[in-house]
$ cat target.cif   # mmCIF, C-alpha atoms, pLDDT in the B column; chains and numbers go by the auth columns
data_entry
#
loop_
_atom_site.group_PDB
_atom_site.id
_atom_site.type_symbol
_atom_site.label_atom_id
_atom_site.label_comp_id
_atom_site.label_asym_id
_atom_site.label_seq_id
_atom_site.Cartn_x
_atom_site.Cartn_y
_atom_site.Cartn_z
_atom_site.B_iso_or_equiv
_atom_site.auth_seq_id
_atom_site.auth_asym_id
ATOM 1 C CA MET A 1 -25.014 21.561 0.052 49.00 1 E
ATOM 2 C CA GLN A 2 -23.351 24.010 2.406 74.00 2 E
ATOM 3 C CA ASN A 3 -21.095 26.752 1.101 89.00 3 E
ATOM 4 C CA TYR A 4 -17.975 25.638 2.956 93.00 4 E
ATOM 5 C CA GLU A 5 -15.818 28.439 1.547 94.00 5 E
ATOM 6 C CA LEU A 6 -18.120 31.085 3.029 94.00 6 E
ATOM 7 C CA LYS A 7 -18.374 29.089 6.248 95.00 7 E
ATOM 8 C CA ALA A 8 -14.574 29.009 6.510 96.00 8 E
ATOM 9 C CA GLU A 9 -14.214 32.750 5.911 95.00 9 E
ATOM 10 C CA ASN A 10 -16.754 33.542 8.622 96.00 10 E
ATOM 11 C CA LEU A 11 -15.131 31.030 10.959 97.00 11 E
ATOM 12 C CA GLU A 12 -11.738 32.693 10.535 96.00 12 E
ATOM 13 C CA LYS A 13 -13.146 36.145 11.370 95.00 13 E
ATOM 14 C CA ASP A 14 -15.162 34.926 14.347 95.00 14 E
ATOM 15 C CA ALA A 15 -12.332 32.831 15.763 95.00 15 E
ATOM 16 C CA LEU A 16 -9.688 35.550 15.600 93.00 16 E
ATOM 17 C CA ARG A 17 -12.080 38.077 17.134 90.00 17 E
ATOM 18 C CA LEU A 18 -12.781 35.742 20.066 87.00 18 E
ATOM 19 C CA LEU A 19 -9.337 34.294 20.605 84.00 19 E
ATOM 20 C CA LYS A 20 -6.756 37.015 20.158 73.00 20 E
ATOM 21 C CA VAL A 21 -8.061 39.505 22.734 67.00 21 E
ATOM 22 C CA SER A 22 -5.217 38.704 25.113 62.00 22 E
ATOM 23 C CA LYS A 23 -6.224 41.077 27.917 70.00 23 E
ATOM 24 C CA ASP A 24 -9.296 38.975 28.699 86.00 24 E
ATOM 25 C CA TRP A 25 -7.409 35.746 29.434 92.00 25 E
ATOM 26 C CA LYS A 26 -6.835 34.742 33.067 94.00 26 E
ATOM 27 C CA TYR A 27 -4.004 32.450 34.118 95.00 27 E
ATOM 28 C CA PHE A 28 -5.255 29.000 35.206 91.00 28 E
ATOM 29 C CA LYS A 29 -2.219 26.765 35.818 93.00 29 E
ATOM 30 C CA SER A 30 0.821 25.130 34.199 95.00 30 E
ATOM 31 C CA GLN A 31 1.289 21.424 33.597 93.00 31 E
ATOM 32 C CA ASN A 32 4.024 19.535 31.730 92.00 32 E
ATOM 33 C CA GLY A 33 5.379 22.705 30.151 95.00 33 E
ATOM 34 C CA VAL A 34 1.925 23.919 29.063 97.00 34 E
ATOM 35 C CA ASP A 35 0.594 27.260 30.347 97.00 35 E
ATOM 36 C CA MET A 36 -3.195 27.337 30.605 96.00 36 E
ATOM 37 C CA PHE A 37 -5.557 30.311 30.607 95.00 37 E
ATOM 38 C CA TYR A 38 -9.328 30.745 30.580 93.00 38 E
ATOM 39 C CA LYS A 39 -12.114 33.276 30.090 93.00 39 E
ATOM 40 C CA SER A 40 -15.887 33.164 29.861 92.00 40 E
ATOM 41 C CA SER A 41 -17.191 32.091 26.468 93.00 41 E
ATOM 42 C CA PRO A 42 -19.755 34.342 24.786 92.00 42 E
ATOM 43 C CA CYS A 43 -21.068 31.284 22.928 94.00 43 E
ATOM 44 C CA PHE A 44 -22.298 29.102 25.805 92.00 44 E
ATOM 45 C CA ASN A 45 -22.501 29.034 29.599 88.00 45 E
ATOM 46 C CA GLY A 46 -18.927 28.001 30.316 88.00 46 E
ATOM 47 C CA ASN A 47 -15.262 28.844 29.805 91.00 47 E
ATOM 48 C CA MET A 48 -12.962 28.997 26.832 93.00 48 E
ATOM 49 C CA TYR A 49 -9.380 27.788 27.302 95.00 49 E
ATOM 50 C CA LYS A 50 -6.007 28.793 25.913 95.00 50 E
ATOM 51 C CA PHE A 51 -2.971 26.488 26.013 97.00 51 E
ATOM 52 C CA VAL A 52 0.532 27.745 25.186 97.00 52 E
ATOM 53 C CA THR A 53 3.688 25.657 24.912 98.00 53 E
ATOM 54 C CA GLU A 54 7.079 25.705 23.224 97.00 54 E
ATOM 55 C CA VAL A 55 7.964 22.885 20.865 97.00 55 E
ATOM 56 C CA ASP A 56 11.543 21.862 20.172 96.00 56 E
ATOM 57 C CA ALA A 57 10.998 21.744 16.412 97.00 57 E
ATOM 58 C CA PRO A 58 10.472 24.164 13.484 97.00 58 E
ATOM 59 C CA CYS A 59 6.974 25.458 12.752 97.00 59 E
ATOM 60 C CA ASP A 60 6.438 23.489 9.531 96.00 60 E
ATOM 61 C CA GLU A 61 7.344 20.187 11.209 97.00 61 E
ATOM 62 C CA VAL A 62 4.811 20.775 13.978 98.00 62 E
ATOM 63 C CA TYR A 63 2.073 21.962 11.635 98.00 63 E
ATOM 64 C CA SER A 64 2.421 18.884 9.444 97.00 64 E
ATOM 65 C CA VAL A 65 1.512 16.758 12.463 97.00 65 E
ATOM 66 C CA MET A 66 -1.247 19.029 13.786 97.00 66 E
ATOM 67 C CA LYS A 67 -3.219 19.358 10.545 97.00 67 E
ATOM 68 C CA PRO A 68 -6.176 16.937 10.459 96.00 68 E
ATOM 69 C CA PRO A 69 -5.367 14.472 7.653 95.00 69 E
ATOM 70 C CA THR A 70 -7.672 12.880 5.102 94.00 70 E
ATOM 71 C CA ASN A 71 -6.530 9.440 6.245 92.00 71 E
ATOM 72 C CA SER A 72 -7.828 8.132 9.597 93.00 72 E
ATOM 73 C CA LYS A 73 -4.801 5.894 10.109 93.00 73 E
ATOM 74 C CA ASP A 74 -2.422 8.864 9.901 92.00 74 E
ATOM 75 C CA ARG A 75 -4.116 10.545 12.870 95.00 75 E
ATOM 76 C CA LEU A 76 -4.808 7.535 15.056 94.00 76 E
ATOM 77 C CA ALA A 77 -1.248 6.251 14.689 93.00 77 E
ATOM 78 C CA TRP A 78 -0.057 8.924 17.116 95.00 78 E
ATOM 79 C CA ASP A 79 -3.028 10.706 18.733 93.00 79 E
ATOM 80 C CA LYS A 80 -3.984 8.633 21.762 87.00 80 E
ATOM 81 C CA SER A 81 -6.237 11.366 23.171 87.00 81 E
ATOM 82 C CA ILE A 82 -9.144 10.383 20.871 92.00 82 E
ATOM 83 C CA LYS A 83 -10.991 7.154 20.112 94.00 83 E
ATOM 84 C CA SER A 84 -11.638 7.667 16.394 96.00 84 E
ATOM 85 C CA TYR A 85 -11.101 10.143 13.583 97.00 85 E
ATOM 86 C CA GLU A 86 -12.419 10.225 10.044 96.00 86 E
ATOM 87 C CA CYS A 87 -12.399 12.743 7.233 97.00 87 E
ATOM 88 C CA LEU A 88 -15.974 13.015 5.979 97.00 88 E
ATOM 89 C CA HIS A 89 -15.460 15.460 3.121 96.00 89 E
ATOM 90 C CA VAL A 90 -12.717 17.425 1.370 96.00 90 E
ATOM 91 C CA ALA A 91 -14.086 20.738 0.117 95.00 91 E
ATOM 92 C CA ASN A 92 -10.683 21.885 -1.165 95.00 92 E
ATOM 93 C CA GLU A 93 -7.043 21.727 -0.077 93.00 93 E
ATOM 94 C CA GLY A 94 -7.727 24.204 2.747 96.00 94 E
ATOM 95 C CA ILE A 95 -11.111 23.008 4.006 97.00 95 E
ATOM 96 C CA ILE A 96 -12.179 19.573 5.237 97.00 96 E
ATOM 97 C CA ILE A 97 -14.975 18.136 7.362 97.00 97 E
ATOM 98 C CA GLY A 98 -13.929 15.740 10.115 97.00 98 E
ATOM 99 C CA ARG A 99 -15.531 13.586 12.795 97.00 99 E
ATOM 100 C CA ILE A 100 -13.871 12.766 16.117 97.00 100 E
ATOM 101 C CA THR A 101 -15.064 10.586 18.984 96.00 101 E
ATOM 102 C CA THR A 102 -13.479 10.514 22.425 92.00 102 E
ATOM 103 C CA PHE A 103 -12.965 7.999 25.178 89.00 103 E
ATOM 104 C CA PRO A 104 -14.874 8.262 28.461 87.00 104 E
ATOM 105 C CA VAL A 105 -12.810 10.150 31.050 78.00 105 E
ATOM 106 C CA ALA A 106 -12.799 10.909 34.773 70.00 106 E
ATOM 107 C CA PHE A 107 -13.441 7.258 35.606 67.00 107 E
ATOM 108 C CA GLY A 108 -16.465 7.195 33.307 70.00 108 E
ATOM 109 C CA MET A 109 -18.130 10.292 34.757 74.00 109 E
ATOM 110 C CA VAL A 110 -17.653 11.982 31.369 80.00 110 E
ATOM 111 C CA SER A 111 -19.112 9.684 28.715 87.00 111 E
ATOM 112 C CA PRO A 112 -17.771 9.502 25.120 91.00 112 E
ATOM 113 C CA ARG A 113 -18.266 12.640 23.018 92.00 113 E
ATOM 114 C CA GLU A 114 -18.685 13.135 19.284 96.00 114 E
ATOM 115 C CA PHE A 115 -17.549 16.172 17.289 96.00 115 E
ATOM 116 C CA ILE A 116 -18.293 16.959 13.648 97.00 116 E
ATOM 117 C CA ASP A 117 -16.344 20.027 12.576 97.00 117 E
ATOM 118 C CA VAL A 118 -15.285 22.072 9.608 97.00 118 E
ATOM 119 C CA TYR A 119 -11.508 22.648 9.590 98.00 119 E
ATOM 120 C CA TYR A 120 -9.995 25.615 7.798 98.00 120 E
ATOM 121 C CA PHE A 121 -6.221 25.767 7.239 98.00 121 E
ATOM 122 C CA LYS A 122 -4.720 29.249 6.948 97.00 122 E
ATOM 123 C CA THR A 123 -1.148 30.554 7.116 97.00 123 E
ATOM 124 C CA TYR A 124 -0.165 34.153 7.898 95.00 124 E
ATOM 125 C CA GLU A 125 3.304 35.448 7.101 92.00 125 E
ATOM 126 C CA ASP A 126 3.587 37.193 10.471 85.00 126 E
ATOM 127 C CA ASP A 127 1.680 37.960 13.675 83.00 127 E
ATOM 128 C CA GLU A 128 1.301 41.698 14.169 77.00 128 E
ATOM 129 C CA GLY A 129 0.336 41.174 17.809 79.00 129 E
ATOM 130 C CA ASN A 130 3.514 39.342 18.798 86.00 130 E
ATOM 131 C CA PRO A 131 6.925 40.583 17.604 88.00 131 E
ATOM 132 C CA ASP A 132 8.567 37.258 18.541 90.00 132 E
ATOM 133 C CA TYR A 133 6.373 35.341 16.076 94.00 133 E
ATOM 134 C CA GLY A 134 7.160 34.889 12.413 94.00 134 E
ATOM 135 C CA LYS A 135 4.924 32.796 10.183 96.00 135 E
ATOM 136 C CA VAL A 136 1.792 31.522 11.934 96.00 136 E
ATOM 137 C CA CYS A 137 -0.093 28.448 10.728 97.00 137 E
ATOM 138 C CA TRP A 138 -3.692 28.028 11.870 98.00 138 E
ATOM 139 C CA ILE A 139 -6.274 25.272 12.020 98.00 139 E
ATOM 140 C CA PHE A 140 -9.620 26.944 12.608 98.00 140 E
ATOM 141 C CA ALA A 141 -12.509 24.719 13.682 98.00 141 E
ATOM 142 C CA GLU A 142 -16.245 24.922 14.324 98.00 142 E
ATOM 143 C CA SER A 143 -18.966 22.298 14.689 97.00 143 E
ATOM 144 C CA ILE A 144 -21.529 21.856 11.936 95.00 144 E
ATOM 145 C CA GLU A 145 -24.441 19.583 11.099 92.00 145 E
ATOM 146 C CA TYR A 146 -23.515 17.013 8.487 93.00 146 E
ATOM 147 C CA PRO A 147 -25.884 14.802 6.446 90.00 147 E
ATOM 148 C CA GLY A 148 -25.968 11.168 7.486 91.00 148 E
ATOM 149 C CA TYR A 149 -24.655 11.745 10.997 91.00 149 E
ATOM 150 C CA PRO A 150 -27.598 12.377 13.322 90.00 150 E
ATOM 151 C CA ILE A 151 -27.196 12.444 17.091 89.00 151 E
ATOM 152 C CA THR A 152 -27.213 8.920 18.563 88.00 152 E
ATOM 153 C CA LYS A 153 -27.316 7.420 22.056 88.00 153 E
ATOM 154 C CA GLN A 154 -23.786 6.057 21.643 89.00 154 E
ATOM 155 C CA PHE A 155 -22.172 9.489 21.994 92.00 155 E
ATOM 156 C CA VAL A 156 -23.016 12.855 23.481 92.00 156 E
ATOM 157 C CA ARG A 157 -22.829 15.372 20.628 93.00 157 E
ATOM 158 C CA ALA A 158 -20.475 18.130 21.746 93.00 158 E
ATOM 159 C CA ALA A 159 -20.153 21.528 20.100 94.00 159 E
ATOM 160 C CA ASN A 160 -17.014 23.409 19.122 96.00 160 E
ATOM 161 C CA PHE A 161 -17.728 27.096 18.735 97.00 161 E
ATOM 162 C CA PRO A 162 -15.326 29.251 16.677 97.00 162 E
ATOM 163 C CA ALA A 163 -11.808 28.393 17.832 95.00 163 E
ATOM 164 C CA GLY A 164 -8.523 27.087 16.532 97.00 164 E
ATOM 165 C CA TYR A 165 -5.024 25.732 16.997 97.00 165 E
ATOM 166 C CA SER A 166 -1.923 27.563 15.803 97.00 166 E
ATOM 167 C CA VAL A 167 1.827 27.081 15.610 98.00 167 E
ATOM 168 C CA ALA A 168 4.172 30.014 15.078 97.00 168 E
ATOM 169 C CA GLU A 169 7.788 30.422 14.027 96.00 169 E
ATOM 170 C CA ASN A 170 9.962 31.586 16.894 95.00 170 E
ATOM 171 C CA LYS A 171 11.997 34.516 15.586 93.00 171 E
ATOM 172 C CA ARG A 172 14.403 34.292 18.533 93.00 172 E
ATOM 173 C CA ASN A 173 15.132 30.626 17.788 94.00 173 E
ATOM 174 C CA PRO A 174 13.894 29.301 14.408 90.00 174 E
ATOM 175 C CA SER A 175 14.635 25.716 15.474 94.00 175 E
ATOM 176 C CA LYS A 176 11.769 26.021 17.961 96.00 176 E
ATOM 177 C CA SER A 177 8.127 27.032 17.604 97.00 177 E
ATOM 178 C CA ILE A 178 5.241 28.168 19.783 97.00 178 E
ATOM 179 C CA MET A 179 1.989 26.228 19.842 97.00 179 E
ATOM 180 C CA GLU A 180 -1.235 27.921 20.948 96.00 180 E
ATOM 181 C CA LEU A 181 -4.459 25.948 21.338 97.00 181 E
ATOM 182 C CA TYR A 182 -7.762 27.736 21.800 96.00 182 E
ATOM 183 C CA VAL A 183 -10.687 25.590 22.930 95.00 183 E
ATOM 184 C CA ASN A 184 -14.229 26.973 22.853 95.00 184 E
ATOM 185 C CA THR A 185 -16.147 23.781 23.519 93.00 185 E
ATOM 186 C CA ASP A 186 -19.482 22.910 25.079 91.00 186 E
ATOM 187 C CA ILE A 187 -19.030 19.216 25.812 86.00 187 E
ATOM 188 C CA GLY A 188 -22.754 18.810 26.476 83.00 188 E
ATOM 189 C CA GLY A 189 -24.510 16.792 29.138 77.00 189 E
ATOM 190 C CA MET A 190 -25.330 17.812 32.687 74.00 190 E
ATOM 191 C CA LEU A 191 -21.853 17.883 34.214 72.00 191 E
ATOM 192 C CA PRO A 192 -20.617 19.907 37.182 75.00 192 E
ATOM 193 C CA ARG A 193 -18.175 22.662 36.237 70.00 193 E
ATOM 194 C CA SER A 194 -15.467 21.095 38.433 74.00 194 E
ATOM 195 C CA ILE A 195 -15.473 17.905 36.343 77.00 195 E
ATOM 196 C CA ILE A 196 -15.306 19.820 33.072 73.00 196 E
ATOM 197 C CA GLU A 197 -12.414 21.967 34.307 73.00 197 E
ATOM 198 C CA ALA A 198 -10.497 18.839 35.238 74.00 198 E
ATOM 199 C CA ALA A 199 -11.285 16.687 32.193 77.00 199 E
ATOM 200 C CA LEU A 200 -10.978 19.176 29.305 83.00 200 E
ATOM 201 C CA PRO A 201 -7.539 20.641 30.157 87.00 201 E
ATOM 202 C CA SER A 202 -6.140 17.178 30.861 86.00 202 E
ATOM 203 C CA GLN A 203 -7.322 15.960 27.458 86.00 203 E
ATOM 204 C CA GLN A 204 -5.623 18.903 25.730 92.00 204 E
ATOM 205 C CA VAL A 205 -2.354 18.357 27.611 92.00 205 E
ATOM 206 C CA SER A 206 -2.446 14.722 26.492 91.00 206 E
ATOM 207 C CA TYR A 207 -2.992 15.866 22.893 93.00 207 E
ATOM 208 C CA ILE A 208 -0.070 18.292 23.084 96.00 208 E
ATOM 209 C CA LYS A 209 2.193 15.595 24.500 95.00 209 E
ATOM 210 C CA SER A 210 1.213 13.292 21.627 94.00 210 E
ATOM 211 C CA ILE A 211 2.041 15.988 19.062 96.00 211 E
ATOM 212 C CA LYS A 212 5.477 16.601 20.557 96.00 212 E
ATOM 213 C CA THR A 213 6.240 12.894 20.606 95.00 213 E
ATOM 214 C CA GLU A 214 5.171 12.412 16.988 96.00 214 E
ATOM 215 C CA VAL A 215 7.107 15.459 15.786 97.00 215 E
ATOM 216 C CA LYS A 216 10.239 14.112 17.467 95.00 216 E
ATOM 217 C CA ARG A 217 9.681 10.668 15.917 95.00 217 E
ATOM 218 C CA ARG A 218 9.240 12.050 12.394 94.00 218 E
ATOM 219 C CA MET A 219 12.280 14.322 12.640 92.00 219 E
ATOM 220 C CA GLY A 220 14.334 11.382 13.856 87.00 220 E
ATOM 221 C CA ARG A 221 13.590 9.539 10.617 63.00 221 E
ATOM 222 C CA LYS A 222 15.028 12.312 8.431 57.00 222 E
#

$ encode --input "target.cif" --output "structure tokens"
Amino acid sequence: MQNYELKAENLEKDALRLLKVSKDWKYFKSQNGVDMFYKSSPCFNGNMYKFVTEVDAPCDEVYSVMKPPTNSKDRLAWDKSIKSYECLHVANEGIIIGRITTFPVAFGMVSPREFIDVYYFKTYEDDEGNPDYGKVCWIFAESIEYPGYPITKQFVRAANFPAGYSVAENKRNPSKSIMELYVNTDIGGMLPRSIIEAALPSQQVSYIKSIKTEVKRRMGRK
């Protein structure tokens, strides 16, 4: 049995070291209110991506949607960017193991992918690197091997290296929050870089749009 607590602690350190070195990020483009950046990944032969967007909702409301749930139905009810989601194991209230599969994209040129990751939930009371941020809630993620789920021909097994998604309180306007997504993913297969750079950012923009829509729906019920 893996020591998931130690794995989570190491993941947090590795992710923050890789992700929060802002001077290395290069501007890529903007789409649907999402600013995109990239830099070379030290983990594989490809790029890491950073996505930044403002959400018209408080931090806690956004984080409650973003956090991977223990119930598959709760995720698939709103996230149309993935094919399936399941929680494989709950280590404790801050650490779970999840499995995600994706749809084929780019007219089938990118076949379905499978991810098995450890998720670590961590909240910081402030962000020393950004004076406009208050509380910051993180979902750190990294791929792991998990018993009973070998690689199959049905999916290409992709790998998430240390990365994470965060949402921060906006000190200037507490009714809004700032979402930052950091993607450090080797999607596997023998794909040209141009296809990857088109497919991966588009998938993340779709995910962000789904989050915003679900946050708005839930707030409308209150």

$ atom_distance --input "target.cif" --atom1 "CA of Trp25 (chain E)" --atom2 "CA of Tyr49 (chain E)"
8.5 Å

$ resolve_selection --input "target.cif" --expression "the PyMOL selection byres ((chain E and resi 207) around 10)" --output "ChimeraX atom specification"
/E:66,78-82,201-206,208-213

$ residues_around --input "target.cif" --residues "Glu9 (chain E)" --least-positions-apart "3" --cutoff "12 Å" --atoms "only C-alpha atoms" --output "JSON, numbers by chain"
{"E": [3, 4, 5, 6, 12, 13, 14, 15, 16, 94, 95, 118, 119, 120, 121, 122, 140, 141, 142, 162]}

$ closest_residue --input "target.cif" --among "E:Tyr149, E:Met36, E:Ser111, E:Tyr124" --to "Gly98 (chain E)" --atoms "only C-alpha atoms"
E:Tyr149

$ atom_distance --input "target.cif" --atom1 "CA of Asn184 (chain E)" --atom2 "CA of Asp56 (chain E)"
26.4 Å

$ residues_around --input "target.cif" --residues "region 191-194 of chain E" --least-positions-apart "4" --cutoff "10 Å" --atoms "only C-alpha atoms" --output "PyMOL selection string"
chain E and resi 46-47+109-110+187+198-199

$ closest_residue --input "target.cif" --among "E:Asp127, E:Gln2, E:Glu61, E:Asp24" --to "Lys216 (chain E)" --atoms "only C-alpha atoms"
E:Glu61

$ atom_distance --input "target.cif" --atom1 "CA of Met190 (chain E)" --atom2 "CA of Asp117 (chain E)"
22.1 Å

$ resolve_selection --input "target.cif" --expression "the PyMOL selection byres ((chain E and resi 19) around 9)" --output "JSON, numbers by chain"
{"E": [14, 15, 16, 17, 18, 20, 21, 22, 48, 50, 162, 163, 164, 182]}

$ write_last_selection --input "target.cif" --atoms "C-alpha atoms" --output "short mmCIF file (atom, residue, chain, number, x, y, z; two decimals), keeping the file's coordinate frame"
data_model
loop_
_atom_site.label_atom_id
_atom_site.label_comp_id
_atom_site.auth_asym_id
_atom_site.auth_seq_id
_atom_site.Cartn_x
_atom_site.Cartn_y
_atom_site.Cartn_z
CA ASP E 14 -15.16 34.93 14.35
CA ALA E 15 -12.33 32.83 15.76
CA LEU E 16 -9.69 35.55 15.60
CA ARG E 17 -12.08 38.08 17.13
CA LEU E 18 -12.78 35.74 20.07
CA LYS E 20 -6.76 37.02 20.16
CA VAL E 21 -8.06 39.51 22.73
CA SER E 22 -5.22 38.70 25.11
CA MET E 48 -12.96 29.00 26.83
CA LYS E 50 -6.01 28.79 25.91
CA PRO E 162 -15.33 29.25 16.68
CA ALA E 163 -11.81 28.39 17.83
CA GLY E 164 -8.52 27.09 16.53
CA TYR E 182 -7.76 27.74 21.80
#

$ resolve_selection --input "target.cif" --expression "the PyMOL selection byres ((chain E and resi 74) around 12)" --output "list of chain:residue names"
E:Ser64, E:Val65, E:Met66, E:Lys67, E:Pro68, E:Pro69, E:Thr70, E:Asn71, E:Ser72, E:Lys73, E:Arg75, E:Leu76, E:Ala77, E:Trp78, E:Asp79, E:Lys80, E:Ser84, E:Tyr85, E:Glu86, E:Cys87, E:Glu214

$ axis_aligned_box --input "target.cif" --around "region 157-168 of chain E" --padding-each-side "3 Å" --output "AutoDock Vina command-line options"
--center_x -9.3 --center_y 22.7 --center_z 18.4 --size_x 33.0 --size_y 20.6 --size_z 12.7

$ residues_around --input "target.cif" --residues "Val52 (chain E)" --least-positions-apart "5" --cutoff "6 Å" --atoms "all atoms listed in the file" --output "PyMOL selection string"
chain E and resi 34-35+179-180

$ decode --input "target.cif" --residues "region 118-131 of chain E" --atoms "C-alpha atoms" --output "PDB file, in the first residue's frame"
ATOM      1  CA  VAL E 118      -3.676  11.332  -6.655  1.00  0.00           C
ATOM      2  CA  TYR E 119      -5.474  14.566  -5.698  1.00  0.00           C
ATOM      3  CA  TYR E 120      -4.367  16.601  -2.708  1.00  0.00           C
ATOM      4  CA  PHE E 121      -6.592  19.419  -1.408  1.00  0.00           C
ATOM      5  CA  LYS E 122      -4.806  22.255   0.390  1.00  0.00           C
ATOM      6  CA  THR E 123      -5.876  25.766   1.397  1.00  0.00           C
ATOM      7  CA  TYR E 124      -3.499  28.648   2.156  1.00  0.00           C
ATOM      8  CA  GLU E 125      -4.688  31.723   4.021  1.00  0.00           C
ATOM      9  CA  ASP E 126      -2.887  34.058   1.618  1.00  0.00           C
ATOM     10  CA  ASP E 127      -0.580  34.129  -1.409  1.00  0.00           C
ATOM     11  CA  GLU E 128       2.665  35.914  -0.604  1.00  0.00           C
ATOM     12  CA  GLY E 129       3.478  36.221  -4.305  1.00  0.00           C
ATOM     13  CA  ASN E 130       0.329  38.129  -5.241  1.00  0.00           C
ATOM     14  CA  PRO E 131      -0.939  40.987  -3.044  1.00  0.00           C
TER      15      PRO E 131
END
